[in-house]
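Trainee: File query.pdb below, PDB, C-alpha atoms:
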ATOM      1  CA  MET W 225     117.971  92.620 119.637
ATOM      2  CA  LYS W 226     114.682  94.507 119.604
ATOM      3  CA  LEU W 227     112.991  94.719 116.217
ATOM      4  CA  LEU W 228     113.335  98.498 115.954
ATOM      5  CA  ASP W 229     117.051  98.144 116.720
ATOM      6  CA  ILE W 230     117.372  95.580 113.920
ATOM      7  CA  PHE W 231     115.534  97.754 111.384
ATOM      8  CA  THR W 232     117.489 100.854 112.416
ATOM      9  CA  TYR W 233     120.765  98.953 112.116
ATOM     10  CA  VAL W 234     119.876  97.879 108.572
ATOM     11  CA  PHE W 235     118.915 101.432 107.588
ATOM     12  CA  GLU W 236     122.042 102.995 109.072
ATOM     13  CA  GLU W 237     124.685 100.316 108.422
ATOM     14  CA  LEU W 238     123.472  97.975 105.646
ATOM     15  CA  PRO W 239     120.973  99.963 103.559
ATOM     16  CA  ILE W 240     121.898  98.727 100.068
ATOM     17  CA  GLY W 241     121.073  95.136  99.186
ATOM     18  CA  VAL W 242     119.444  92.767  96.723
ATOM     19  CA  LEU W 243     115.684  92.299  96.639
ATOM     20  CA  SER W 244     114.646  88.995  95.023
ATOM     21  CA  PHE W 245     111.263  87.558  94.106
ATOM     22  CA  LEU W 246     109.465  85.355  91.593
ATOM     23  CA  GLY W 247     108.015  87.223  88.634
ATOM     24  CA  GLU W 248     104.662  86.629  87.007
ATOM     25  CA  ASP W 249     106.398  84.062  84.790
ATOM     26  CA  TYR W 250     107.650  82.279  87.962
ATOM     27  CA  LEU W 251     111.253  83.058  87.028
ATOM     28  CA  PRO W 252     113.504  84.596  89.705
ATOM     29  CA  LYS W 253     114.127  88.325  89.455
ATOM     30  CA  SER W 254     116.267  90.669  91.484
ATOM     31  CA  GLU W 255     116.809  94.380  91.964
ATOM     32  CA  VAL W 256     119.374  96.352  93.926
ATOM     33  CA  ILE W 257     117.524  98.645  96.333
ATOM     34  CA  GLU W 258     118.345 101.087  99.087
ATOM     35  CA  ILE W 259     116.334 101.059 102.298
ATOM     36  CA  ALA W 260     114.690 104.479 102.590
ATOM     37  CA  ALA W 261     113.623 104.365 106.236
ATOM     38  CA  ALA W 262     113.205 102.092 109.242
ATOM     39  CA  GLY W 263     109.954 102.089 111.220
ATOM     40  CA  GLU W 264     108.565 100.266 114.220
ATOM     41  CA  GLY W 265     107.060  97.524 112.072
ATOM     42  CA  GLY W 266     109.506  97.086 109.192
ATOM     43  CA  LEU W 267     111.524  98.663 106.402
ATOM     44  CA  TYR W 268     110.581 101.089 103.622
ATOM     45  CA  PHE W 269     112.049 101.267 100.112
ATOM     46  CA  ILE W 270     111.278 103.175  96.907
ATOM     47  CA  LEU W 271     111.098 102.093  93.248
ATOM     48  CA  ASN W 272     110.283 104.151  90.156
ATOM     49  CA  ARG W 273     106.804 103.617  88.756
ATOM     50  CA  ASP W 274     108.216 102.853  85.299
ATOM     51  CA  ASN W 275     110.217  99.960  86.756
ATOM     52  CA  GLU W 276     108.569  96.759  85.510
ATOM     53  CA  MET W 277     109.836  94.872  88.557
ATOM     54  CA  ALA W 278     107.946  97.248  90.829
ATOM     55  CA  ARG W 279     104.677  96.121  89.295
ATOM     56  CA  ASP W 280     105.700  92.472  89.661
ATOM     57  CA  ILE W 281     106.368  93.090  93.351
ATOM     58  CA  ILE W 282     102.921  94.634  93.779
ATOM     59  CA  ARG W 283     101.338  91.515  92.299
ATOM     60  CA  ARG W 284     103.551  88.880  93.928
ATOM     61  CA  LYS W 285     104.144  90.529  97.332
ATOM     62  CA  GLU W 286     106.565  87.913  98.714
ATOM     63  CA  ILE W 287     110.252  88.885  98.583
ATOM     64  CA  SER W 288     113.652  88.196 100.054
ATOM     65  CA  PHE W 289     116.162  90.928 100.903
ATOM     66  CA  VAL W 290     119.870  90.237 101.438
ATOM     67  CA  THR W 291     122.627  92.681 102.305
ATOM     68  CA  TYR W 292     126.108  92.263 103.772
ATOM     69  CA  LYS W 293     129.472  93.961 104.086
ATOM     70  CA  ASP W 294     133.102  93.253 105.008
ATOM     71  CA  GLY W 295     133.679  90.576 102.386
ATOM     72  CA  LEU W 296     132.481  87.019 101.992
ATOM     73  CA  SER W 297     134.132  85.389 104.988
ATOM     74  CA  LEU W 298     131.241  84.468 107.270
ATOM     75  CA  ARG W 299     133.407  84.905 110.340
ATOM     76  CA  GLY W 300     133.913  88.599 109.633
ATOM     77  CA  THR W 301     130.769  89.415 107.716
ATOM     78  CA  GLU W 302     127.919  91.595 108.907
ATOM     79  CA  PHE W 303     124.716  90.662 107.128
ATOM     80  CA  ILE W 304     120.975  90.525 107.241
ATOM     81  CA  ASN W 305     118.535  88.485 105.196
ATOM     82  CA  ILE W 306     114.781  88.769 105.292
ATOM     83  CA  LYS W 307     112.099  86.609 103.734
ATOM     84  CA  GLY W 308     108.977  88.724 103.913
ATOM     85  CA  VAL W 309     105.846  90.300 102.542
ATOM     86  CA  VAL W 310     105.667  93.714 100.904
ATOM     87  CA  LYS W 311     102.804  96.139 100.438
ATOM     88  CA  ARG W 312     102.443  99.551  98.835
ATOM     89  CA  SER W 313     102.514 102.275 101.429
ATOM     90  CA  ASP W 314     101.996 105.504  99.473
ATOM     91  CA  GLU W 315      99.944 106.921 102.355
ATOM     92  CA  SER W 316     103.033 106.819 104.611
ATOM     93  CA  TRP W 317     105.106 109.577 102.983
ATOM     94  CA  ASP W 318     104.777 111.972 105.913
ATOM     95  CA  LEU W 319     105.979 109.289 108.325
ATOM     96  CA  VAL W 320     108.841 108.183 106.053
ATOM     97  CA  LYS W 321     110.080 111.754 105.605
ATOM     98  CA  LYS W 322     110.005 112.172 109.366
ATOM     99  CA  LEU W 323     112.005 108.958 109.797
ATOM    100  CA  ASN W 324     114.460 110.013 107.079
ATOM    101  CA  PRO W 325     114.538 113.831 106.676
ATOM    102  CA  GLU W 326     116.949 113.533 103.727
ATOM    103  CA  LEU W 327     113.957 112.454 101.592
ATOM    104  CA  SER W 328     112.090 115.696 102.239
ATOM    105  CA  ASP W 329     113.670 117.630  99.367
ATOM    106  CA  SER W 330     113.356 114.855  96.764
ATOM    107  CA  TYR W 331     109.758 113.999  97.666
ATOM    108  CA  LYS W 332     108.464 117.273  99.034
ATOM    109  CA  ASP W 333     105.197 117.297  97.071
ATOM    110  CA  GLU W 334     102.681 114.862  95.603
ATOM    111  CA  GLN W 335     104.004 115.312  92.071
ATOM    112  CA  ASN W 336     107.380 113.886  93.061
ATOM    113  CA  GLN W 337     105.782 111.145  95.119
ATOM    114  CA  LYS W 338     103.576 110.032  92.231
ATOM    115  CA  MET W 339     106.673 109.215  90.158
ATOM    116  CA  VAL W 340     107.568 106.340  92.487
ATOM    117  CA  PHE W 341     106.070 103.527  94.556
ATOM    118  CA  LEU W 342     106.712 103.521  98.290
ATOM    119  CA  PHE W 343     106.908  99.953  99.599
ATOM    120  CA  PHE W 344     106.857  98.606 103.152
ATOM    121  CA  ILE W 345     108.290  95.223 104.199
ATOM    122  CA  HIS W 346     105.789  94.698 107.006
ATOM    123  CA  GLU W 347     105.857  90.976 107.728
ATOM    124  CA  GLY W 348     108.490  88.268 107.663
ATOM    125  CA  GLU W 349     111.382  86.488 109.286
ATOM    126  CA  GLY W 350     115.118  86.636 108.907
ATOM    127  CA  THR W 351     118.615  86.495 110.322
ATOM    128  CA  ILE W 352     120.974  89.256 111.373
ATOM    129  CA  LYS W 353     124.657  88.956 112.161
ATOM    130  CA  LYS W 354     126.798  91.777 113.468
ATOM    131  CA  LYS W 355     130.575  91.565 113.418
ATOM    132  CA  LYS W 356     132.020  89.322 116.142
ATOM    133  CA  GLU W 357     128.524  88.260 117.223
ATOM    134  CA  ARG W 358     126.505  85.117 116.541
ATOM    135  CA  ALA W 359     123.755  85.188 113.954
ATOM    136  CA  GLU W 360     120.334  85.899 115.457
ATOM    137  CA  ALA W 361     116.968  84.886 114.000
ATOM    138  CA  PHE W 362     113.989  87.232 114.248
ATOM    139  CA  ALA W 363     110.401  87.516 113.054
ATOM    140  CA  PHE W 364     108.024  90.451 112.686
ATOM    141  CA  GLY W 365     104.457  91.168 111.647
ATOM    142  CA  GLN W 366     102.628  87.882 111.244
ATOM    143  CA  PRO W 367     105.217  85.499 109.740
ATOM    144  CA  LYS W 368     104.034  82.272 108.190
ATOM    145  CA  GLY W 369     106.345  80.109 110.212
ATOM    146  CA  GLU W 370     109.157  80.010 112.700
ATOM    147  CA  SER W 371     112.565  81.279 111.613
ATOM    148  CA  TYR W 372     115.490  78.886 112.031
ATOM    149  CA  ILE W 373     119.205  78.901 111.340
ATOM    150  CA  TYR W 374     120.279  75.847 109.322
ATOM    151  CA  GLU W 375     123.772  74.379 109.716
ATOM    152  CA  VAL W 376     125.470  71.246 108.329
ATOM    153  CA  ASN W 377     126.701  68.689 110.864
ATOM    154  CA  ASN W 378     129.245  65.840 110.616
ATOM    155  CA  ARG W 379     126.693  63.343 109.275
ATOM    156  CA  CYS W 380     126.910  65.003 105.848
ATOM    157  CA  VAL W 381     127.976  62.575 103.090
ATOM    158  CA  ARG W 382     127.954  65.231 100.367
ATOM    159  CA  CYS W 383     125.122  63.591  98.428
ATOM    160  CA  MET W 384     124.242  67.038  96.996
ATOM    161  CA  ASP W 385     120.467  66.609  97.384
ATOM    162  CA  CYS W 386     120.276  69.800  99.431
ATOM    163  CA  VAL W 387     122.306  71.699  96.827
ATOM    164  CA  GLN W 388     119.771  70.752  94.164
ATOM    165  CA  VAL W 389     116.703  71.881  96.136
ATOM    166  CA  CYS W 390     118.073  75.179  97.492
ATOM    167  CA  PRO W 391     116.163  77.969  95.672
ATOM    168  CA  VAL W 392     118.879  80.603  96.147
ATOM    169  CA  ASP W 393     122.096  78.568  95.635
ATOM    170  CA  ALA W 394     123.094  79.099  99.251
ATOM    171  CA  ILE W 395     124.604  75.601  99.613
ATOM    172  CA  LYS W 396     127.974  74.726  98.098
ATOM    173  CA  PRO W 397     130.457  71.832  98.440
ATOM    174  CA  LEU W 398     133.202  72.527 100.970
ATOM    175  CA  GLY W 399     135.717  69.738 101.539
ATOM    176  CA  ALA W 400     134.026  66.475 102.522
ATOM    177  CA  ARG W 401     130.728  68.215 103.287
ATOM    178  CA  VAL W 402     128.576  71.032 102.021
ATOM    179  CA  SER W 403     128.285  74.465 103.587
ATOM    180  CA  ILE W 404     125.287  76.783 103.920
ATOM    181  CA  ASN W 405     126.021  80.426 103.162
ATOM    182  CA  GLN W 406     124.086  82.303 105.847
ATOM    183  CA  ASN W 407     124.275  85.476 103.735
ATOM    184  CA  LEU W 408     122.036  83.863 101.131
ATOM    185  CA  CYS W 409     119.854  81.444 103.113
ATOM    186  CA  VAL W 410     116.169  82.443 103.110
ATOM    187  CA  HIS W 411     115.119  79.872 105.761
ATOM    188  CA  CYS W 412     112.766  77.974 103.466
ATOM    189  CA  SER W 413     113.695  74.634 105.160
ATOM    190  CA  ALA W 414     113.966  72.789 101.811
ATOM    191  CA  CYS W 415     117.432  71.438 102.665
ATOM    192  CA  TYR W 416     116.357  70.317 106.139
ATOM    193  CA  LYS W 417     113.337  68.457 104.775
ATOM    194  CA  THR W 418     115.274  66.878 101.902
ATOM    195  CA  CYS W 419     118.312  65.524 103.751
ATOM    196  CA  ALA W 420     118.040  61.745 104.193
ATOM    197  CA  PHE W 421     120.991  61.603 106.598
ATOM    198  CA  SER W 422     119.823  64.132 109.238
ATOM    199  CA  ALA W 423     122.930  66.106 108.376
ATOM    200  CA  ILE W 424     121.327  69.534 108.703
ATOM    201  CA  ASP W 425     120.572  70.975 112.113
ATOM    202  CA  ARG W 426     118.162  73.804 112.746
ATOM    203  CA  SER W 427     118.190  76.010 115.796
TER     204      SER W 427
END
Could you spell out this file's structure in structure tokens?

Mentor:
Amino acid sequence: MKLLDIFTYVFEELPIGVLSFLGEDYLPKSEVIEIAAAGEGGLYFILNRDNEMARDIIRRKEISFVTYKDGLSLRGTEFINIKGVVKRSDESWDLVKKLNPELSDSYKDEQNQKMVFLFFIHEGEGTIKKKKERAEAFAFGQPKGESYIYEVNNRCVRCMDCVQVCPVDAIKPLGARVSINQNLCVHCSACYKTCAFSAIDRS
């Protein structure tokens, strides 16, 4: 899929999701957000200025965004996850209102706009999966590394080392092996690097 098609799909079909990041105290924090608009280079979202997490995001910049629908069965789920970089984009209101005309009434003047922060996810990598299609990795902006899909193979002995290092609890025991929840995976490669049995493939 082309990047604009991916961003448009998120905005139109999967706009509400969980934004996660490390706070100033290095503890994980999360916030439910709604994507406000999709542009050529990324996704826009809005947070109130009195939201303490908004100020943490400004300082930390690196985030993950996960959204899915149609239940938790990976076979039927549509999802997207993004590990990316955010910046304030208050100068982009005219463009955002053009991309999403429904915002024009709520943010028609500077007074309304000054009550919120407009953010832009402008750089990163992720995975998208549409129903009945295979998951597809993508990257945009200037990502820090290649984006891979990680899957457990039959060499897994369920030692649980990967479970312990996963920063988002995306890996759980499943029968004689473990399973990676692609809805939650942020492609950090910690499991792949930790596994002593070469039981995790990346593609």

Trainee: Counting all atoms listed in the file, what is within 10 Å of Ala420 in chain W, bar same-chain residues fewer than 4 positions away, as number ranges by chain?

Mentor: W: 380, 383, 385-386, 415-416, 424

Trainee: Tell me which protein, DNA and RNA residues are within 7 Å of Phe421 in chain W, counting all atoms listed in the file, leaving out same-chain ones fewer than 2 positions away, and put them as an mmCIF file with C-alpha atoms, keeping the file's coordinate frame.

Mentor:
data_model
loop_
_atom_site.group_PDB
_atom_site.id
_atom_site.type_symbol
_atom_site.label_atom_id
_atom_site.label_comp_id
_atom_site.auth_asym_id
_atom_site.auth_seq_id
_atom_site.Cartn_x
_atom_site.Cartn_y
_atom_site.Cartn_z
ATOM 1 C CA ARG W 379 126.693 63.343 109.275
ATOM 2 C CA CYS W 380 126.910 65.003 105.848
ATOM 3 C CA CYS W 419 118.312 65.524 103.751
ATOM 4 C CA ALA W 423 122.930 66.106 108.376
#

Trainee: For range 348-367 of chain W versus range 306-316 of chain W, which residues have an atom no more than 8 Å away, and what is each residue's nearest atom pair and distance in Å rounded to one decimal, using all atoms listed in the file, chain-then-number order, as a Markdown table?

Mentor:
| residue | atom | partner | partner_atom | distance |
| --- | --- | --- | --- | --- |
| W:Gly348 | CA | W:Gly308 | CA | 3.8 |
| W:Glu349 | CA | W:Lys307 | CA | 5.6 |
| W:Gly350 | CA | W:Ile306 | CA | 4.2 |
| W:Thr351 | CA | W:Ile306 | CA | 6.7 |
| W:Pro367 | CA | W:Gly308 | CA | 7.6 |

Trainee: Applying 6 Å and all atoms listed in the file, which residues near range 256-263 of chain W remain after dropping the ones on its own chain fewer than 4 positions away? List them as a PyMOL selection string.

Mentor: chain W and resi 231-232+235+239-242+267-269+324

Trainee: Name every residue that the PyMOL selection byres ((chain W and resi 400) around 12) selects in this structure, writing the answer as a list in words with chains first and numbers rising.

Mentor: Val376, Asn377, Asn378, Arg379, Cys380, Val381, Arg382, Cys383, Met384, Lys396, Pro397, Leu398, Gly399, Arg401, Val402 and Ser403 of chain W

Trainee: From the list W:Val410, W:Ala278, W:Ile270, W:Ala359, which residue is nearest Leu327 in chain W when using only C-alpha atoms?

Mentor: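 Among the listed residues, W:Ile270 lies closest to Leu327 in chain W.
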
Trainee: Excluding Ile282 in chain W and its own-chain neighbours fewer than 5 positions away, which residues fall within 12 Å of it when counting all atoms listed in the file? Please give them as a PyMOL selection string.

Mentor: chain W and resi 245-248+271+273+275-277+287+309-313+341-345

Trainee: Write to file, as a PDB file, keeping the file's coordinate frame, the residues of the selection just made, with C-alpha atoms.

Mentor:
ATOM      1  CA  PHE W 245     111.263  87.558  94.106  1.00  0.00           C
ATOM      2  CA  LEU W 246     109.465  85.355  91.593  1.00  0.00           C
ATOM      3  CA  GLY W 247     108.015  87.223  88.634  1.00  0.00           C
ATOM      4  CA  GLU W 248     104.662  86.629  87.007  1.00  0.00           C
ATOM      5  CA  LEU W 271     111.098 102.093  93.248  1.00  0.00           C
ATOM      6  CA  ARG W 273     106.804 103.617  88.756  1.00  0.00           C
ATOM      7  CA  ASN W 275     110.217  99.960  86.756  1.00  0.00           C
ATOM      8  CA  GLU W 276     108.569  96.759  85.510  1.00  0.00           C
ATOM      9  CA  MET W 277     109.836  94.872  88.557  1.00  0.00           C
ATOM     10  CA  ILE W 287     110.252  88.885  98.583  1.00  0.00           C
ATOM     11  CA  VAL W 309     105.846  90.300 102.542  1.00  0.00           C
ATOM     12  CA  VAL W 310     105.667  93.714 100.904  1.00  0.00           C
ATOM     13  CA  LYS W 311     102.804  96.139 100.438  1.00  0.00           C
ATOM     14  CA  ARG W 312     102.443  99.551  98.835  1.00  0.00           C
ATOM     15  CA  SER W 313     102.514 102.275 101.429  1.00  0.00           C
ATOM     16  CA  PHE W 341     106.070 103.527  94.556  1.00  0.00           C
ATOM     17  CA  LEU W 342     106.712 103.521  98.290  1.00  0.00           C
ATOM     18  CA  PHE W 343     106.908  99.953  99.599  1.00  0.00           C
ATOM     19  CA  PHE W 344     106.857  98.606 103.152  1.00  0.00           C
ATOM     20  CA  ILE W 345     108.290  95.223 104.199  1.00  0.00           C
TER      21      ILE W 345
END

Trainee: Please report the interatomic distance between CA of Asn336 in chain W and CA of Ile281 in chain W in Å with one decimal.

Mentor: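 Separating CA of Asn336 in chain W from CA of Ile281 in chain W is a distance of 20.8 Å.
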
Trainee: Using all atoms listed in the file, find the one residue out of W:Phe303, W:Tyr250, W:Trp317, W:Tyr292 that sits nearest to Ala361 in chain W.

Mentor: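 Among the listed residues, W:Phe303 lies closest to Ala361 in chain W.
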
Trainee: Any idea what the distance is between CA of Ser244 in chain W and CA of Asn305 in chain W?

Mentor: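 Here the two named atoms are 10.9 Å from each other.
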
Trainee: So which one's closest to Gly265 in chain W, W:Asp329, W:Asp280, W:Glu347, W:Glu302? Using all atoms listed in the file, please.

Mentor: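 Nearest to Gly265 in chain W: W:Glu347.
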
Trainee: Calculated over all atoms listed in the file, which of the candidates W:Ser413, W:Thr418, W:Gln406, W:Gln337 has the smallest distance to Asn272 in chain W?

Mentor: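 When distances to Asn272 in chain W are compared using all atoms listed in the file, the smallest one comes from W:Gln337.
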
Trainee: What is the CA of Ile304 in chain W-CA of Lys354 in chain W distance in Å, reported with one decimal?

Mentor: 8.6 Å

Trainee: As a check of understanding, name the residues that the PyMOL selection byres ((chain W and resi 394) around 8) selects in the supplied structure, as an MDAnalysis selection string.

Mentor: chainID W and resid 387 390:393 395:396 404:409

Trainee: Save the residues we just selected, C-alpha atoms, as a PDB file, in the frame of the given file?

Mentor:
ATOM      1  CA  VAL W 387     122.306  71.699  96.827  1.00  0.00           C
ATOM      2  CA  CYS W 390     118.073  75.179  97.492  1.00  0.00           C
ATOM      3  CA  PRO W 391     116.163  77.969  95.672  1.00  0.00           C
ATOM      4  CA  VAL W 392     118.879  80.603  96.147  1.00  0.00           C
ATOM      5  CA  ASP W 393     122.096  78.568  95.635  1.00  0.00           C
ATOM      6  CA  ILE W 395     124.604  75.601  99.613  1.00  0.00           C
ATOM      7  CA  LYS W 396     127.974  74.726  98.098  1.00  0.00           C
ATOM      8  CA  ILE W 404     125.287  76.783 103.920  1.00  0.00           C
ATOM      9  CA  ASN W 405     126.021  80.426 103.162  1.00  0.00           C
ATOM     10  CA  GLN W 406     124.086  82.303 105.847  1.00  0.00           C
ATOM     11  CA  ASN W 407     124.275  85.476 103.735  1.00  0.00           C
ATOM     12  CA  LEU W 408     122.036  83.863 101.131  1.00  0.00           C
ATOM     13  CA  CYS W 409     119.854  81.444 103.113  1.00  0.00           C
TER      14      CYS W 409
END

Trainee: Give me, as a list in words, all polymer residues having an atom no more than 9 Å from Leu227 in chain W, counting all atoms listed in the file and skipping those fewer than 5 positions away in the same chain.

Mentor: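 Residues meeting the cut-off are Thr232, Glu264, Gly265, Gly266, Phe362, Ala363 and Phe364 of chain W.
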